[in-house]
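Beneath this line is the structure, given in structure tokens, with notes to follow.
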Amino acid sequence: MEPGDAAHPGPGRVVREVPPRLLLLPLLPLLLGRGLRAGASASSSGAAAEDSSAMEELATEKEAEESHRQDSVSLLTFILLLTLTILTIWLFKHRRVRFLHETGLAMIYGLIVGVILRYGTPATSGRDKSLSCTQEDRAFSTLLVNVSGKFFEYTLKGEISPGKINSVEQNDMLRKVTFDPEVFFNILLPPIIFHAGYSLKKRHFFRNLGSILAYAFLGTAVSCFIIGNLMYGVVKLMKIVGQLSDKFYYTDCLFFGAIISATDPVTVLAIFNELHADVDLYALLFGESVLNDAVAIVLSSSIVAYQPAGLNTHAFDAAAFFKSVGIFLGIFSGSFTMGAVTGVVTALVTKFTKLHCFPLLETALFFLMSWSTFLLAEACGFTGVVAVLFCGITQAHYTYNNLSVESRSRTKQLFEVLHFLAENFIFSYMGLALFTFQKHVFSPIFIIGAFVAIFLGRAAHIYPLSFFLNLGRRHKIGWNFQHMMMFSGLRGAMAFALAIRDTASYARQMMFTTTLLIVFFTVWIIGGGTTPMLSWLNIRVGVDPDQDPPPNNDSFQVLQGDGPDSAGGNRTKQESAWIFRLWYSFDHNYLKPILTHSGPPLTTTLPAWCGLLARCLTSPQVYDNQEPLREEDSDFILTEGDLTLTYGDSTVTANGSSGSHATSTSLEGRRTKSNSEEVLERDLGMGDQKASSRGTRLVFPMGDNA
């Protein structure tokens, strides 16, 4: 039958119509077979997908476990480094070895571990792949990548130069031991800086306050600009000889000058403390290192904020310059205020509550308030280093008086231990980073130029300033002190932390590598030569920290003196910085009674119309105790009223007032003194001593210490 016959049957033919479903019967085995095969294929592909997903989840879990194990190993590495450092420190102290400090030991152990990790561990990650995003004009901090329908989140690690794309580190362990720079700023730096302020020896610090401020502020600024300009010349030389492969601007050179001007003579100060070197030299070095860290970080922030108007963003612009100066002053003053206010708030809380009944809670609150100062300042756009430094000074001056005896001991020991561990951790990491850091840029010309610039900048910082300061000082800064300060300009934790905070560009990577090498050299070579230098410069050692320098004609003149005790008291006054003497009276009469349990009652110092407020703010302990409480580290400062000219029974003070002993006696026949006089004489150990002579005593001021 032809194809058209069924539709159009011819005559005489009988055609039986077959139902359509019957037509499908012969095809049923074929269709059923195909359906079964399709179902089997679908089910098998579904099972394969499930198996693949399970395998991926299992692989992800294994990677997470491996990552956790590597994290534990990296932290364990640093703990073992610190443990080994502590044991070696004990051995060195036991054998009285001084040629190498504990920080130098930590760096050596870090170097050894870095070599082992770099060359002794195999590459464990080989799945890195470069993806091209040429349509984007900037980098993203967070990236979501779609891989076969699954989204994965990636975070920005930093920029890689085109020539180093194929040499990206494939060792997961080396990646683990490379910490986020914010770890240094938010976790390791706060206890180091706070301990410097909290353990400050106020007596010798404030006696040399003017000189310390000059070295820290003017000296650091001078050093920054000298180093920056010299390094700009080095960069120009590198460009001429073809050693500069990327951009390096003048502002980058100034930034390097700022971060490398942060001195950290921890090695020298440790040896000074162990040998009991001259207390004034110790105070000058320690005070400069404490404050110039704060100045350096604010100065570096101001340089980064320098943005001239116009197309050339790296040219000099007067408006942008003064704006940066304003930013410097604003950040520093704001950070200072925030630190002081946090200390004041802590003092008020500990004074008007009974936390001293619970030393554990008291210590915990003190710790949290102190640490939060750093984070609060950073969150508000200020500098946490400055804030936590002045918070420590404020806590030591006020809050320490309100703490229980147990909390005083706990806070001192707690921050001392944290300071020790954090500092040695940083120096261990420095040694490790020389081999594990992935973005080193070694430039011999830049490194040699940096050493020369640092030497010249330190010389221009110390010698001219010392000359001008000696014009106003009675206790002169001698040449041996100046040479020792010049020699002691080590670089350490702060310079390293500032350098590693930003290593994205070629210039910053070169700065970081150079800073690391400078820290190595100064800690090992200069730190190791401290003891011979002390001997060569004839600087006295074995000095009692509470002993004043030997009297000389430059300190003061006493005619017909009343005895050695009164002379010692007046020497303390004469050697005290005039800035602090102006502050002392206000602090003793008003701030101490408001914030602590010590000082005179406010009812005797505030006006009569403030009587209610004075009674509310004055601590009951002031009325209960005959002698106000005082901190262990007293200020040892005399006021202007203690300079007197005595004629028989009449006394004329330095401000011209006069009085009679007979009219100022109590019912028991003793002279009645003001609260300020009592505290100051007790601080000087003169409270229970009587005058041995009624002769004439005259003190000629020779000018104030700078």
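Residues are named by chain letter and number: chains run A, B, ... in the order of the structure tokens, numbers start at 1 in each chain, and ligands are numbered from 1 in the order shown.
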- Message: Could you pull out the helix (DSSP H, G or I) residues of region 193-364 of chain A, going by DSSP on the backbone, and write them as number ranges by chain?
- Response: A: 193-198, 202-207, 209-240, 250-260, 266-275, 279-304, 318-352, 355-357, 359-364
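Candidate residues A:Leu376, A:Leu91, A:Cys357, A:Leu200 were compared for distance to Val290 (chain A), and the nearest is A:Leu200, using only C-alpha atoms.
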Quiz prompt | Neighbour list for Ile89 (chain A) as a list of chain:residue names, cut-off 9 Å, only C-alpha atoms, skip fewer than 3 positions in-chain | solution = A:Leu84, A:Thr85, A:Ile86, A:Phe92, A:Lys93, A:His94, A:His101, A:Glu102, A:Leu105
Show which residues sit within 6 Å of region 292-297 of chain A, as an mmCIF file with N, CA, C and O atoms, in the first residue's frame. Count only C-alpha atoms, and ignore same-chain residues fewer than 6 positions away.
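Contents of the output file part-v7.cif:
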data_model
loop_
_atom_site.group_PDB
_atom_site.id
_atom_site.type_symbol
_atom_site.label_atom_id
_atom_site.label_comp_id
_atom_site.auth_asym_id
_atom_site.auth_seq_id
_atom_site.Cartn_x
_atom_site.Cartn_y
_atom_site.Cartn_z
ATOM 1 N N ALA A 216 61.955 65.568 71.913
ATOM 2 C CA ALA A 216 60.893 64.737 71.345
ATOM 3 C C ALA A 216 60.166 65.442 70.205
ATOM 4 O O ALA A 216 59.869 64.818 69.175
ATOM 5 N N ALA A 258 59.907 60.176 58.852
ATOM 6 C CA ALA A 258 59.071 60.204 60.059
ATOM 7 C C ALA A 258 59.103 58.872 60.797
ATOM 8 O O ALA A 258 59.277 58.827 62.022
ATOM 9 N N ILE A 259 58.947 57.767 60.082
ATOM 10 C CA ILE A 259 58.871 56.479 60.771
ATOM 11 C C ILE A 259 60.235 56.043 61.300
ATOM 12 O O ILE A 259 60.322 55.396 62.352
ATOM 13 N N ALA A 262 61.531 57.432 64.867
ATOM 14 C CA ALA A 262 61.006 56.888 66.129
ATOM 15 C C ALA A 262 62.077 56.019 66.767
ATOM 16 O O ALA A 262 62.361 54.926 66.298
ATOM 17 N N VAL A 385 48.378 55.564 69.973
ATOM 18 C CA VAL A 385 49.656 55.557 70.684
ATOM 19 C C VAL A 385 49.747 56.748 71.631
ATOM 20 O O VAL A 385 50.132 56.614 72.801
ATOM 21 N N VAL A 386 49.394 57.939 71.139
ATOM 22 C CA VAL A 386 49.429 59.133 71.986
ATOM 23 C C VAL A 386 48.406 59.012 73.110
ATOM 24 O O VAL A 386 48.687 59.326 74.273
#
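Interatomic distance, CA of Asn146 (chain A) to CA of Glu61 (chain A): 19.6 Å.
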From CA of Ile212 (chain A) to CA of Glu288 (chain A) the spacing works out at 5.4 Å
For Ser301 (chain A), please output as a PyMOL selection string all residues within 9 Å (counting only C-alpha atoms; exclusion window: fewer than 5 positions along the same chain).
-> chain A and resi 255+296+306+324+327-328+331+383
Counting only C-alpha atoms, the residue among A:His397, A:Gly330, A:Gly478, A:Glu274 that lies closest to Tyr584 (chain A) is A:His397
12 Å contact set for Leu368 (chain A), only C-alpha atoms, chain neighbours under 3 positions out, as a CSV table (one decimal) with all heavy atoms, in the first residue's frame:
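Generated file (around-v2.csv):
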chain,number,residue,atom,x,y,z
A,190,PRO,N,49.6,48.6,72.3
A,190,PRO,CA,49.0,49.2,73.5
A,190,PRO,C,49.7,48.9,74.8
A,190,PRO,O,50.0,49.8,75.6
A,190,PRO,CB,47.5,48.7,73.4
A,190,PRO,CG,47.3,48.5,72.0
A,190,PRO,CD,48.5,48.0,71.4
A,191,PRO,N,49.9,47.6,75.1
A,191,PRO,CA,50.6,47.3,76.4
A,191,PRO,C,52.0,47.9,76.5
A,191,PRO,O,52.5,48.3,77.6
A,191,PRO,CB,50.6,45.8,76.5
A,191,PRO,CG,50.4,45.3,75.1
A,191,PRO,CD,49.6,46.3,74.4
A,342,THR,N,40.1,59.6,79.6
A,342,THR,CA,39.9,58.2,80.0
A,342,THR,C,40.5,58.0,81.4
A,342,THR,O,39.9,57.3,82.2
A,342,THR,CB,40.4,57.3,79.0
A,342,THR,OG1,39.9,57.6,77.7
A,342,THR,CG2,40.1,55.9,79.3
A,343,GLY,N,41.7,58.5,81.6
A,343,GLY,CA,42.3,58.3,82.9
A,343,GLY,C,41.6,59.0,84.0
A,343,GLY,O,41.4,58.4,85.1
A,346,THR,N,38.4,56.9,84.8
A,346,THR,CA,38.8,55.7,85.6
A,346,THR,C,39.1,56.1,87.1
A,346,THR,O,38.7,55.4,88.0
A,346,THR,CB,40.0,55.0,85.0
A,346,THR,OG1,39.8,54.8,83.6
A,346,THR,CG2,40.2,53.7,85.7
A,361,LEU,N,37.8,42.6,90.4
A,361,LEU,CA,37.0,43.5,89.5
A,361,LEU,C,37.7,44.8,89.3
A,361,LEU,O,37.6,45.4,88.2
A,361,LEU,CB,35.6,43.7,90.2
A,361,LEU,CG,34.8,42.5,90.4
A,361,LEU,CD1,33.4,42.9,91.1
A,361,LEU,CD2,34.5,41.7,89.1
A,362,GLU,N,38.3,45.3,90.3
A,362,GLU,CA,39.0,46.6,90.1
A,362,GLU,C,40.2,46.5,89.1
A,362,GLU,O,40.3,47.4,88.2
A,362,GLU,CB,39.6,47.0,91.5
A,362,GLU,CG,40.2,48.4,91.6
A,362,GLU,CD,40.6,48.7,93.0
A,362,GLU,OE1,41.2,47.8,93.7
A,362,GLU,OE2,40.5,49.8,93.5
A,363,THR,N,40.9,45.4,89.2
A,363,THR,CA,42.0,45.2,88.2
A,363,THR,C,41.5,45.0,86.8
A,363,THR,O,42.0,45.6,85.8
A,363,THR,CB,42.9,44.0,88.6
A,363,THR,OG1,43.3,44.2,90.0
A,363,THR,CG2,44.1,43.8,87.7
A,364,ALA,N,40.4,44.3,86.7
A,364,ALA,CA,39.8,44.0,85.4
A,364,ALA,C,39.3,45.3,84.7
A,364,ALA,O,39.5,45.6,83.5
A,364,ALA,CB,38.7,43.0,85.5
A,365,LEU,N,38.6,46.2,85.5
A,365,LEU,CA,38.1,47.4,85.0
A,365,LEU,C,39.3,48.3,84.6
A,365,LEU,O,39.2,49.0,83.6
A,365,LEU,CB,37.3,48.1,86.1
A,365,LEU,CG,36.7,49.5,85.7
A,365,LEU,CD1,35.7,49.4,84.6
A,365,LEU,CD2,36.1,50.2,86.9
A,371,TRP,N,43.1,49.7,78.0
A,371,TRP,CA,43.2,49.2,76.7
A,371,TRP,C,42.2,49.9,75.7
A,371,TRP,O,42.5,50.1,74.5
A,371,TRP,CB,43.0,47.7,76.7
A,371,TRP,CG,43.6,47.0,75.4
A,371,TRP,CD1,43.4,47.3,74.1
A,371,TRP,CD2,44.6,46.0,75.5
A,371,TRP,NE1,44.1,46.5,73.3
A,371,TRP,CE2,44.9,45.7,74.1
A,371,TRP,CE3,45.3,45.3,76.5
A,371,TRP,CZ2,45.8,44.7,73.8
A,371,TRP,CZ3,46.2,44.3,76.1
A,371,TRP,CH2,46.4,44.0,74.8
A,372,SER,N,41.0,50.1,76.2
A,372,SER,CA,40.0,50.7,75.3
A,372,SER,C,40.3,52.1,74.9
A,372,SER,O,39.8,52.6,73.9
A,372,SER,CB,38.6,50.8,76.1
A,372,SER,OG,38.7,51.6,77.2
A,373,THR,N,41.2,52.8,75.6
A,373,THR,CA,41.7,54.1,75.2
A,373,THR,C,42.3,54.1,73.8
A,373,THR,O,42.0,55.0,73.0
A,373,THR,CB,42.7,54.7,76.2
A,373,THR,OG1,42.1,54.7,77.5
A,373,THR,CG2,43.0,56.1,75.9
A,374,PHE,N,43.1,53.1,73.6
A,374,PHE,CA,43.8,53.0,72.3
A,374,PHE,C,42.8,52.8,71.2
A,374,PHE,O,42.8,53.5,70.2
A,374,PHE,CB,44.8,51.8,72.3
A,374,PHE,CG,45.6,51.6,71.1
A,374,PHE,CD1,46.8,52.2,71.0
A,374,PHE,CD2,45.1,50.9,70.0
A,374,PHE,CE1,47.6,52.1,69.8
A,374,PHE,CE2,45.8,50.7,68.9
A,374,PHE,CZ,47.1,51.3,68.8
A,375,LEU,N,41.9,51.9,71.4
A,375,LEU,CA,40.9,51.5,70.4
A,375,LEU,C,39.9,52.7,70.1
A,375,LEU,O,39.5,53.0,69.0
A,375,LEU,CB,40.1,50.3,70.7
A,375,LEU,CG,41.0,49.0,70.9
A,375,LEU,CD1,40.1,47.8,71.4
A,375,LEU,CD2,41.7,48.7,69.7
A,376,LEU,N,39.5,53.4,71.2
A,376,LEU,CA,38.6,54.5,71.1
A,376,LEU,C,39.2,55.6,70.3
A,376,LEU,O,38.6,56.3,69.4
A,376,LEU,CB,38.2,55.0,72.5
A,376,LEU,CG,37.3,56.2,72.6
A,376,LEU,CD1,35.9,55.9,71.9
A,376,LEU,CD2,37.1,56.7,74.0
A,388,VAL,N,47.0,56.3,74.6
A,388,VAL,CA,47.3,55.3,75.6
A,388,VAL,C,48.5,55.7,76.4
A,388,VAL,O,48.6,55.4,77.6
A,388,VAL,CB,47.4,53.9,74.9
A,388,VAL,CG1,48.8,53.7,74.3
A,388,VAL,CG2,47.2,52.8,76.0
A,411,THR,N,48.2,45.4,88.8
A,411,THR,CA,48.3,46.2,87.6
A,411,THR,C,49.7,46.5,87.2
A,411,THR,O,50.1,46.4,86.0
A,411,THR,CB,47.6,47.6,87.8
A,411,THR,OG1,48.1,48.2,89.0
A,411,THR,CG2,46.1,47.4,88.0
A,415,PHE,N,50.9,44.7,83.5
A,415,PHE,CA,51.3,45.4,82.3
A,415,PHE,C,52.8,45.2,82.1
A,415,PHE,O,53.3,45.4,81.0
A,415,PHE,CB,51.0,46.9,82.5
A,415,PHE,CG,49.6,47.2,82.1
A,415,PHE,CD1,48.6,47.4,83.1
A,415,PHE,CD2,49.1,47.3,80.8
A,415,PHE,CE1,47.3,47.7,82.8
A,415,PHE,CE2,47.8,47.5,80.5
A,415,PHE,CZ,46.9,47.7,81.5
